[in-house]
file upload_34.tsv (TSV, C-alpha atoms and all ligand atoms)
chain	number	residue	atom	x	y	z
S	12	MET	CA	14.32	19.12	-5.24
S	13	LEU	CA	13.78	16.99	-2.14
S	14	THR	CA	16.15	14.15	-1.30
S	15	GLN	CA	14.40	12.79	1.82
S	16	ILE	CA	11.75	10.65	0.07
S	17	LYS	CA	12.78	7.01	-0.27
S	18	GLY	CA	10.06	5.41	-2.37
S	19	LEU	CA	6.83	3.87	-1.13
S	20	HIS	CA	6.10	3.33	2.57
S	21	HIS	CA	2.62	1.77	2.39
S	22	MET	CA	-0.56	1.73	0.32
S	23	THR	CA	-3.99	1.97	1.96
S	24	SER	CA	-7.19	0.76	0.29
S	25	LEU	CA	-10.87	0.16	1.01
S	26	ALA	CA	-12.51	-3.25	1.26
S	27	ALA	CA	-15.97	-4.62	2.01
S	28	ASP	CA	-15.19	-7.67	4.16
S	29	ALA	CA	-12.41	-8.05	6.72
S	30	ARG	CA	-12.33	-11.83	6.73
S	31	GLU	CA	-12.21	-12.11	2.92
S	32	ASN	CA	-9.56	-9.38	2.76
S	33	ASN	CA	-7.44	-11.10	5.40
S	34	ALA	CA	-7.69	-14.47	3.65
S	35	PHE	CA	-6.73	-13.01	0.29
S	36	PHE	CA	-3.58	-11.22	1.45
S	37	THR	CA	-2.32	-13.79	3.97
S	38	GLU	CA	-3.37	-17.06	2.35
S	39	VAL	CA	-3.55	-16.42	-1.41
S	40	LEU	CA	-0.68	-13.89	-1.67
S	41	GLY	CA	1.23	-15.17	1.37
S	42	LEU	CA	1.93	-11.82	3.05
S	43	ARG	CA	2.20	-11.61	6.81
S	44	ARG	CA	-0.42	-9.72	8.75
S	45	VAL	CA	1.79	-7.40	10.79
S	46	LYS	CA	-0.87	-5.39	12.59
S	47	LYS	CA	-4.52	-5.71	13.53
S	48	THR	CA	-5.73	-2.35	14.72
S	49	VAL	CA	-8.63	0.03	13.99
S	50	ASN	CA	-9.18	3.10	11.87
S	51	PHE	CA	-8.13	5.91	14.24
S	52	ASP	CA	-10.96	8.16	12.97
S	53	ALA	CA	-13.64	5.41	12.84
S	54	PRO	CA	-12.61	2.84	15.48
S	55	ASP	CA	-15.44	0.40	14.70
S	56	VAL	CA	-13.60	-0.37	11.43
S	57	TYR	CA	-10.41	-2.43	11.33
S	58	HIS	CA	-7.12	-1.20	9.99
S	59	LEU	CA	-5.31	-4.31	8.78
S	60	TYR	CA	-1.66	-4.28	7.69
S	61	TYR	CA	0.03	-6.94	5.53
S	62	GLY	CA	3.71	-7.03	4.62
S	63	ASP	CA	6.99	-8.84	5.17
S	64	GLU	CA	8.16	-10.21	8.53
S	65	VAL	CA	8.26	-6.85	10.32
S	66	GLY	CA	6.29	-4.67	7.92
S	67	THR	CA	9.34	-3.03	6.38
S	68	PRO	CA	8.47	0.26	4.66
S	69	GLY	CA	7.91	-0.51	0.99
S	70	SER	CA	6.19	-3.83	1.73
S	71	VAL	CA	3.04	-2.78	3.58
S	72	MET	CA	-0.45	-3.04	2.06
S	73	THR	CA	-3.10	-1.77	4.48
S	74	TYR	CA	-6.90	-1.93	4.48
S	75	PHE	CA	-9.94	-0.29	5.95
S	76	PRO	CA	-12.59	-3.00	5.57
S	77	PHE	CA	-15.93	-1.19	5.89
S	78	PRO	CA	-18.54	-3.95	6.21
S	79	ASN	CA	-20.70	-4.19	3.06
S	80	MET	CA	-19.20	-1.06	1.52
S	81	MET	CA	-20.35	-0.37	-2.05
S	82	ARG	CA	-17.75	-0.92	-4.73
S	83	GLY	CA	-15.93	2.13	-6.03
S	84	ARG	CA	-15.91	3.10	-9.67
S	85	HIS	CA	-12.51	3.04	-11.34
S	86	GLY	CA	-11.40	5.98	-13.43
S	87	ALA	CA	-9.02	8.91	-13.44
S	88	GLY	CA	-7.54	10.53	-10.34
S	89	GLU	CA	-6.66	7.33	-8.54
S	90	ILE	CA	-4.04	4.64	-8.10
S	91	GLY	CA	-5.07	2.11	-10.74
S	92	GLU	CA	-2.55	-0.60	-10.02
S	93	THR	CA	-0.31	-1.65	-7.15
S	94	VAL	CA	2.58	-3.86	-8.23
S	95	PHE	CA	4.48	-6.38	-6.10
S	96	SER	CA	8.00	-7.62	-6.84
S	97	VAL	CA	8.42	-11.39	-7.26
S	98	PRO	CA	11.47	-13.47	-8.28
S	99	ALA	CA	12.33	-14.01	-11.95
S	100	GLY	CA	10.68	-17.15	-13.29
S	101	SER	CA	7.86	-17.20	-10.73
S	102	LEU	CA	4.91	-15.96	-12.80
S	103	ASP	CA	3.80	-19.42	-14.00
S	104	PHE	CA	3.56	-20.53	-10.36
S	105	TRP	CA	1.50	-17.44	-9.57
S	106	ALA	CA	-0.75	-17.82	-12.61
S	107	ASP	CA	-1.58	-21.40	-11.52
S	108	ARG	CA	-2.05	-20.37	-7.91
S	109	LEU	CA	-4.30	-17.39	-8.60
S	110	GLN	CA	-6.35	-19.42	-11.08
S	111	HIS	CA	-6.77	-22.13	-8.42
S	112	TYR	CA	-8.25	-19.49	-6.08
S	113	ASN	CA	-10.54	-18.15	-8.85
S	114	VAL	CA	-8.84	-14.77	-8.79
S	115	HIS	CA	-10.29	-12.38	-11.39
S	116	GLY	CA	-8.57	-10.31	-14.06
S	117	LEU	CA	-5.58	-12.60	-14.69
S	118	GLU	CA	-3.58	-11.25	-17.61
S	119	LYS	CA	0.09	-11.57	-18.52
S	120	GLU	CA	1.75	-8.47	-19.94
S	121	ASP	CA	5.09	-6.85	-20.57
S	122	VAL	CA	5.69	-3.37	-19.12
S	123	PHE	CA	9.00	-1.55	-19.73
S	124	GLY	CA	10.58	-4.97	-20.35
S	125	GLU	CA	9.25	-6.48	-17.10
S	126	LYS	CA	7.07	-9.60	-17.19
S	127	ARG	CA	3.90	-9.06	-15.24
S	128	LEU	CA	0.78	-10.87	-14.16
S	129	ARG	CA	-2.19	-8.61	-13.53
S	130	PHE	CA	-4.99	-9.61	-11.18
S	131	GLN	CA	-7.75	-8.17	-9.03
S	132	ASN	CA	-8.39	-8.65	-5.34
S	133	PRO	CA	-11.90	-9.73	-4.21
S	134	ASP	CA	-13.11	-6.09	-4.30
S	135	GLY	CA	-11.94	-5.56	-7.89
S	136	GLU	CA	-8.83	-3.56	-6.95
S	137	GLY	CA	-6.06	-3.69	-9.55
S	138	PHE	CA	-2.76	-5.42	-8.74
S	139	ALA	CA	0.13	-7.00	-10.60
S	140	LEU	CA	3.12	-9.18	-9.83
S	141	ALA	CA	6.31	-8.18	-11.69
S	142	GLU	CA	9.34	-10.44	-12.15
S	143	ILE	CA	12.33	-8.46	-10.81
S	144	SER	CA	15.68	-10.27	-10.88
S	145	ASP	CA	17.84	-7.95	-8.78
S	146	ASP	CA	15.61	-7.26	-5.77
S	147	PRO	CA	17.63	-8.04	-2.59
S	148	ARG	CA	14.79	-7.59	-0.10
S	149	ALA	CA	13.98	-10.41	2.34
S	150	GLN	CA	10.78	-12.39	1.76
S	151	TRP	CA	8.07	-13.63	4.06
S	152	THR	CA	7.44	-17.24	3.07
S	153	THR	CA	4.62	-19.68	3.89
S	154	ASP	CA	4.21	-23.46	3.57
S	155	ALA	CA	2.71	-22.93	0.10
S	156	ILE	CA	4.90	-20.05	-1.14
S	157	GLY	CA	8.67	-20.47	-0.78
S	158	THR	CA	11.66	-18.27	-1.60
S	159	ASP	CA	11.50	-19.07	-5.34
S	160	HIS	CA	8.10	-17.37	-5.53
S	161	ALA	CA	7.36	-15.18	-2.50
S	162	ILE	CA	6.62	-11.46	-2.78
S	163	ARG	CA	9.50	-9.10	-1.88
S	164	GLY	CA	7.44	-5.99	-1.24
S	165	PHE	CA	6.09	-3.39	-3.64
S	166	HIS	CA	7.74	-2.72	-6.95
S	167	SER	CA	5.64	0.27	-8.04
S	168	ALA	CA	2.30	1.98	-8.14
S	169	GLY	CA	0.48	3.14	-11.26
S	170	MET	CA	-1.59	6.33	-11.18
S	171	ARG	CA	-4.31	7.14	-13.72
S	172	LEU	CA	-4.57	10.84	-14.47
S	173	GLN	CA	-6.49	12.92	-17.00
S	174	ASP	CA	-3.43	15.19	-17.24
S	175	THR	CA	-0.04	13.96	-16.02
S	176	GLY	CA	1.76	17.34	-16.31
S	177	ALA	CA	1.31	18.66	-12.78
S	178	MET	CA	1.93	15.24	-11.22
S	179	SER	CA	5.17	14.85	-13.22
S	180	GLU	CA	6.29	18.18	-11.81
S	181	LEU	CA	5.35	17.18	-8.26
S	182	LEU	CA	7.19	13.85	-8.51
S	183	GLY	CA	10.24	15.72	-9.81
S	184	PHE	CA	10.03	18.05	-6.81
S	185	MET	CA	9.77	15.00	-4.51
S	186	GLY	CA	13.05	13.63	-5.91
S	187	TYR	CA	11.79	11.30	-8.65
S	188	GLN	CA	13.51	11.18	-12.04
S	189	HIS	CA	11.73	10.51	-15.31
S	190	VAL	CA	13.10	7.16	-16.53
S	191	ASP	CA	11.13	6.25	-19.65
S	192	THR	CA	7.88	6.79	-21.51
S	193	LYS	CA	6.07	4.15	-23.53
S	194	ASP	CA	2.66	4.61	-25.14
S	195	ASN	CA	0.59	6.47	-22.53
S	196	VAL	CA	2.75	5.52	-19.50
S	197	ALA	CA	5.57	7.65	-18.07
S	198	ARG	CA	7.85	5.96	-15.56
S	199	PHE	CA	9.50	7.78	-12.64
S	200	ALA	CA	11.92	6.38	-10.08
S	201	VAL	CA	13.74	7.56	-6.99
S	202	GLU	CA	17.27	6.45	-6.14
S	203	ASP	CA	18.23	4.75	-2.86
S	204	GLY	CA	14.63	4.02	-1.97
S	205	THR	CA	12.92	1.28	0.00
S	206	GLY	CA	13.01	-0.99	-3.09
S	207	ALA	CA	9.54	0.23	-4.01
S	208	ASN	CA	11.12	3.03	-5.99
S	209	THR	CA	8.94	3.32	-9.08
S	210	ILE	CA	5.83	5.30	-10.01
S	211	ASP	CA	4.09	4.95	-13.37
S	212	LEU	CA	1.81	7.72	-14.61
S	213	HIS	CA	-0.91	6.51	-16.97
S	214	SER	CA	-2.33	9.31	-19.07
S	215	VAL	CA	-6.09	8.79	-19.52
S	216	PRO	CA	-7.31	12.15	-20.87
S	217	GLY	CA	-10.86	11.05	-21.69
S	218	ALA	CA	-11.57	9.00	-18.57
S	219	SER	CA	-14.19	10.05	-16.05
S	220	MET	CA	-13.10	10.59	-12.46
S	221	ALA	CA	-12.99	7.59	-10.15
S	222	GLN	CA	-15.42	7.32	-7.25
S	223	GLN	CA	-14.04	5.80	-4.06
S	224	GLY	CA	-15.52	2.67	-2.59
S	225	ALA	CA	-14.50	-0.91	-1.90
S	226	GLY	CA	-11.68	-1.81	-4.29
S	227	SER	CA	-10.30	1.74	-4.39
S	228	VAL	CA	-6.92	2.85	-3.12
S	229	HIS	CA	-7.54	5.43	-0.40
S	230	HIS	CA	-4.03	6.91	-0.38
S	231	ILE	CA	-0.42	6.22	-1.25
S	232	ALA	CA	2.26	6.79	1.38
S	233	PHE	CA	5.88	7.67	0.69
S	234	SER	CA	8.72	6.85	3.05
S	235	VAL	CA	11.01	9.21	4.94
S	236	GLU	CA	13.58	7.98	7.45
S	237	ASP	CA	12.56	9.99	10.51
S	238	ARG	CA	10.56	12.89	11.90
S	239	ALA	CA	13.23	15.48	11.07
S	240	ALA	CA	13.14	14.49	7.39
S	241	GLN	CA	9.35	14.58	7.50
S	242	LEU	CA	9.36	18.15	8.86
S	243	ASP	CA	11.75	19.22	6.07
S	244	VAL	CA	9.41	17.71	3.46
S	245	ARG	CA	6.35	19.28	5.10
S	246	LYS	CA	7.93	22.74	5.06
S	247	ALA	CA	9.02	22.39	1.43
S	248	LEU	CA	5.52	21.31	0.37
S	249	LEU	CA	3.88	24.16	2.31
S	250	ASP	CA	6.33	26.65	0.75
S	251	THR	CA	5.32	25.32	-2.68
S	252	GLY	CA	1.64	25.93	-1.92
S	253	TYR	CA	0.35	22.49	-0.94
S	254	ALA	CA	-2.16	22.27	1.91
S	255	VAL	CA	-0.40	19.77	4.14
S	256	THR	CA	-1.89	18.44	7.39
S	257	PRO	CA	-0.06	18.76	10.70
S	258	VAL	CA	2.02	15.74	11.75
S	259	ILE	CA	-0.30	12.98	12.99
S	260	ASP	CA	0.81	10.16	15.30
S	261	ARG	CA	-0.29	6.83	13.74
S	262	ASP	CA	1.36	4.77	16.54
S	263	TYR	CA	3.60	2.84	14.08
S	264	PHE	CA	4.72	5.88	12.07
S	265	TRP	CA	4.08	9.63	11.91
S	266	ALA	CA	2.03	10.85	8.96
S	267	ILE	CA	1.32	14.01	6.99
S	268	TYR	CA	-1.19	14.13	4.12
S	269	PHE	CA	-1.83	16.37	1.15
S	270	ARG	CA	-4.11	16.26	-1.90
S	271	THR	CA	-2.28	16.31	-5.23
S	272	PRO	CA	-3.22	17.75	-8.63
S	273	GLY	CA	-5.50	15.23	-10.29
S	274	GLY	CA	-7.08	14.06	-7.05
S	275	VAL	CA	-4.79	11.38	-5.52
S	276	LEU	CA	-4.22	11.65	-1.75
S	277	PHE	CA	-0.52	11.48	-0.79
S	278	GLU	CA	0.91	10.68	2.62
S	279	ILE	CA	4.49	11.05	3.81
S	280	ALA	CA	5.18	8.48	6.57
S	281	THR	CA	8.23	7.95	8.78
S	282	ASN	CA	10.10	4.64	8.93
S	283	GLU	CA	10.18	5.07	12.71
S	284	PRO	CA	9.05	3.63	15.12
S	285	GLY	CA	7.75	0.57	13.20
S	286	PHE	CA	5.26	-2.22	13.84
S	287	ASN	CA	7.13	-4.06	16.60
S	288	ARG	CA	6.92	-1.14	19.01
S	289	ASP	CA	4.00	-2.77	20.86
S	290	GLU	CA	4.27	-6.48	19.91
S	291	ASP	CA	7.27	-8.75	19.62
S	292	THR	CA	8.21	-9.80	16.09
S	293	ALA	CA	7.14	-13.43	16.59
S	294	HIS	CA	3.55	-12.41	17.38
S	295	LEU	CA	3.05	-9.39	15.14
S	296	GLY	CA	-0.49	-8.85	13.92
S	297	GLN	CA	-2.19	-11.39	16.17
S	298	ALA	CA	-3.71	-9.33	18.99
S	299	LEU	CA	-6.14	-6.44	18.49
S	300	LYS	CA	-4.05	-3.34	19.17
S	301	LEU	CA	-5.95	-0.14	19.92
S	302	PRO	CA	-4.57	3.39	19.92
S	303	LYS	CA	-4.59	4.73	23.47
S	304	GLN	CA	-7.44	7.18	22.78
S	305	HIS	CA	-9.70	4.21	21.89
S	306	GLU	CA	-8.50	1.70	24.52
S	307	HIS	CA	-11.58	2.45	26.68
S	308	LEU	CA	-13.75	1.10	23.81
S	309	ARG	CA	-11.99	-2.27	23.74
S	310	GLN	CA	-14.84	-4.36	25.08
S	311	SER	CA	-17.47	-3.02	22.67
S	312	LEU	CA	-15.06	-3.03	19.71
S	313	GLU	CA	-14.04	-6.65	20.34
S	314	ALA	CA	-17.74	-7.55	20.38
S	315	ARG	CA	-18.55	-5.64	17.16
S	316	LEU	CA	-15.54	-6.24	14.92
S	317	GLN	CA	-15.83	-9.32	12.69
S	318	PRO	CA	-13.55	-12.03	14.11
S	319	ILE	CA	-10.64	-12.88	11.81
S	320	PRO	CA	-8.17	-15.72	12.28
S	321	ALA	CA	-5.01	-14.99	14.29
S	401	ZN	ZN	-1.45	5.77	5.36

call {"tool": "encode", "arguments": {"input": "upload_34.tsv", "output": "structure tokens"}}
result
Amino acid sequence: MLTQIKGLHHMTSLAADARENNAFFTEVLGLRRVKKTVNFDAPDVYHLYYGDEVGTPGSVMTYFPFPNMMRGRHGAGEIGETVFSVPAGSLDFWADRLQHYNVHGLEKEDVFGEKRLRFQNPDGEGFALAEISDDPRAQWTTDAIGTDHAIRGFHSAGMRLQDTGAMSELLGFMGYQHVDTKDNVARFAVEDGTGANTIDLHSVPGASMAQQGAGSVHHIAFSVEDRAAQLDVRKALLDTGYAVTPVIDRDYFWAIYFRTPGGVLFEIATNEPGFNRDEDTAHLGQALKLPKQHEHLRQSLEARLQPIPA
């Protein structure tokens, strides 16, 4: 069993409109945009990162907004729900706020004893806010969203799978413990993680497979401290038979990827070097940062990418 994996690092999803996506995560949810860069493999598409003040691993929601992308179809083999941690007693504030912004899919629920408010982003992607009373992580606050209400990073991610058996085994191998099962949901958690320590597996045996598009999660990334830990994890996964990519430099972290049983794409990302390696903390996310291999395209990219507010 691996001990290097420390919970979630980031989640990456697909969207259809950069400006709308930016407004939703910075204004409605009150996250900080910590990086404005481009998709390394398709540099005419943004890669936008939203999180806490410095984009601490476990807080970072990232997007590839492909202009006018068709919506995905939800189903099995995908992340169905990404859950943020908010302070106890804050859900009424959030219900009013999200209603004010005409957010779709608002629904209060109780999951493993946690009070939750479900909602969808403008592309129909599933999210929830969960009241967590003992979450010590620092918050990014705005004029409209103070410390009594602000998001503290991810709490968990929920995966929908036709068969949860192989994924349960994989999570166990990655260092997750089975915590509880209720109805069709099995909960797993890792100790000493980034705070975003929980994964819920939703068993949906009859569901058809999801098709990716706007509103779909593209991949889920787990955190390791450094490159040495990442190499240990990579070797262990290869030895177990997973087809893992080589280590890829993503400028703000190093990444490896592998496809899991049931279809979800996993990434293992390092906590080093972080988002303030090329911008000071006070100005994170404001300038368009390009990876060095695409710097020569700056002029044409700046002309083509949809302007979004600083
Ligand atoms: Zn990623």

call {"tool": "residues_near_point", "arguments": {"input": "upload_34.tsv", "point": "(17.0, 1.3, -1.8)", "cutoff": "9 Å", "atoms": "only C-alpha atoms", "output": "list in words"}}
result
Lys17, Gly18, Val201, Glu202, Asp203, Gly204, Thr205, Gly206, Ala207 and Asn208 of chain S

call {"tool": "atom_distance", "arguments": {"input": "upload_34.tsv", "atom1": "atom CA of S:Trp151", "atom2": "atom CA of S:Arg261"}}
result
24.1 Å

call {"tool": "residues_around", "arguments": {"input": "upload_34.tsv", "residues": "S:Leu299", "least_positions_apart": "6", "cutoff": "9 Å", "atoms": "all atoms listed in the file", "output": "ChimeraX atom specification"}}
result
/S:46-49,309,313

call {"tool": "residues_near_ligand", "arguments": {"input": "upload_34.tsv", "ligand": "ligand ZN 401 (chain S)", "cutoff": "10 Å", "atoms": "only C-alpha atoms and all ligand atoms", "output": "mmCIF file with C-alpha atoms, keeping the file's coordinate frame"}}
result
data_model
loop_
_atom_site.group_PDB
_atom_site.id
_atom_site.type_symbol
_atom_site.label_atom_id
_atom_site.label_comp_id
_atom_site.auth_asym_id
_atom_site.auth_seq_id
_atom_site.Cartn_x
_atom_site.Cartn_y
_atom_site.Cartn_z
ATOM 1 C CA HIS S 20 6.100 3.330 2.570
ATOM 2 C CA HIS S 21 2.620 1.770 2.390
ATOM 3 C CA MET S 22 -0.560 1.730 0.320
ATOM 4 C CA THR S 23 -3.990 1.970 1.960
ATOM 5 C CA SER S 24 -7.190 0.760 0.290
ATOM 6 C CA VAL S 71 3.040 -2.780 3.580
ATOM 7 C CA MET S 72 -0.450 -3.040 2.060
ATOM 8 C CA THR S 73 -3.100 -1.770 4.480
ATOM 9 C CA TYR S 74 -6.900 -1.930 4.480
ATOM 10 C CA HIS S 229 -7.540 5.430 -0.400
ATOM 11 C CA HIS S 230 -4.030 6.910 -0.380
ATOM 12 C CA ILE S 231 -0.420 6.220 -1.250
ATOM 13 C CA ALA S 232 2.260 6.790 1.380
ATOM 14 C CA PHE S 233 5.880 7.670 0.690
ATOM 15 C CA ARG S 261 -0.290 6.830 13.740
ATOM 16 C CA PHE S 264 4.720 5.880 12.070
ATOM 17 C CA TRP S 265 4.080 9.630 11.910
ATOM 18 C CA ALA S 266 2.030 10.850 8.960
ATOM 19 C CA ILE S 267 1.320 14.010 6.990
ATOM 20 C CA TYR S 268 -1.190 14.130 4.120
ATOM 21 C CA LEU S 276 -4.220 11.650 -1.750
ATOM 22 C CA PHE S 277 -0.520 11.480 -0.790
ATOM 23 C CA GLU S 278 0.910 10.680 2.620
ATOM 24 C CA ILE S 279 4.490 11.050 3.810
ATOM 25 C CA ALA S 280 5.180 8.480 6.570
#

call {"tool": "closest_residue", "arguments": {"input": "upload_34.tsv", "among": "S:Tyr263, S:Arg238, S:Thr93, S:His307", "to": "S:Glu290", "atoms": "all atoms listed in the file"}}
result
S:Tyr263

call {"tool": "closest_atom_pairs", "arguments": {"input": "upload_34.tsv", "of": "stretch 91-145 of chain S", "to": "stretch 156-159 of chain S", "cutoff": "9 Å", "atoms": "only C-alpha atoms", "output": "JSON lines"}}
result
{"residue": "S:Val97", "atom": "CA", "partner": "S:Asp159", "partner_atom": "CA", "distance": 8.5}
{"residue": "S:Pro98", "atom": "CA", "partner": "S:Asp159", "partner_atom": "CA", "distance": 6.3}
{"residue": "S:Ala99", "atom": "CA", "partner": "S:Asp159", "partner_atom": "CA", "distance": 8.4}
{"residue": "S:Gly100", "atom": "CA", "partner": "S:Asp159", "partner_atom": "CA", "distance": 8.2}
{"residue": "S:Ser101", "atom": "CA", "partner": "S:Asp159", "partner_atom": "CA", "distance": 6.8}

call {"tool": "closest_residue", "arguments": {"input": "upload_34.tsv", "among": "S:Leu172, S:Val228, S:Leu59, S:Ala149", "to": "S:Glu31", "atoms": "all atoms listed in the file"}}
result
S:Leu59

call {"tool": "atom_distance", "arguments": {"input": "upload_34.tsv", "atom1": "atom CA of S:Glu142", "atom2": "atom CA of S:Asp154"}}
result
21.0 Å

call {"tool": "closest_residue", "arguments": {"input": "upload_34.tsv", "among": "S:Met185, S:Ile319, S:Ala168, S:Leu117", "to": "S:Ala34", "atoms": "only C-alpha atoms"}}
result
S:Ile319

call {"tool": "axis_aligned_box", "arguments": {"input": "upload_34.tsv", "around": "stretch 246-264 of chain S", "padding_each_side": "6 Å", "output": "JSON"}}
result
{"center_x": 3.4, "center_y": 14.7, "center_z": 6.9, "size_x": 23.2, "size_y": 35.8, "size_z": 31.2}

call {"tool": "residues_around", "arguments": {"input": "upload_34.tsv", "residues": "stretch 109-115 of chain S", "least_positions_apart": "5", "cutoff": "12 Å", "atoms": "all atoms listed in the file", "output": "PyMOL selection string"}}
result
chain S and resi 34-36+38-41+102-104+128-140

call {"tool": "residues_near_point", "arguments": {"input": "upload_34.tsv", "point": "(4.6, -4.0, 2.5)", "cutoff": "10 Å", "atoms": "all atoms listed in the file", "output": "list in words"}}
result
Leu19, His20, His21, Met22, Leu42, Arg43, Arg44, Val45, Tyr60, Tyr61, Gly62, Asp63, Glu64, Val65, Gly66, Thr67, Pro68, Gly69, Ser70, Val71, Met72, Thr73, Phe95, Ile162, Arg163, Gly164, Phe165 and Ala207 of chain S

call {"tool": "closest_residue", "arguments": {"input": "upload_34.tsv", "among": "S:Leu301, S:Thr292, S:Asp211, S:Thr175", "to": "S:Gln188", "atoms": "only C-alpha atoms"}}
result
S:Asp211

call {"tool": "closest_residue", "arguments": {"input": "upload_34.tsv", "among": "S:Leu242, S:Leu182, S:Ala53, S:Val196", "to": "S:Leu312", "atoms": "all atoms listed in the file"}}
result
S:Ala53

call {"tool": "closest_residue", "arguments": {"input": "upload_34.tsv", "among": "S:Asp28, S:Asp250, S:Asp107, S:Glu180", "to": "S:Gln317", "atoms": "all atoms listed in the file"}}
result
S:Asp28
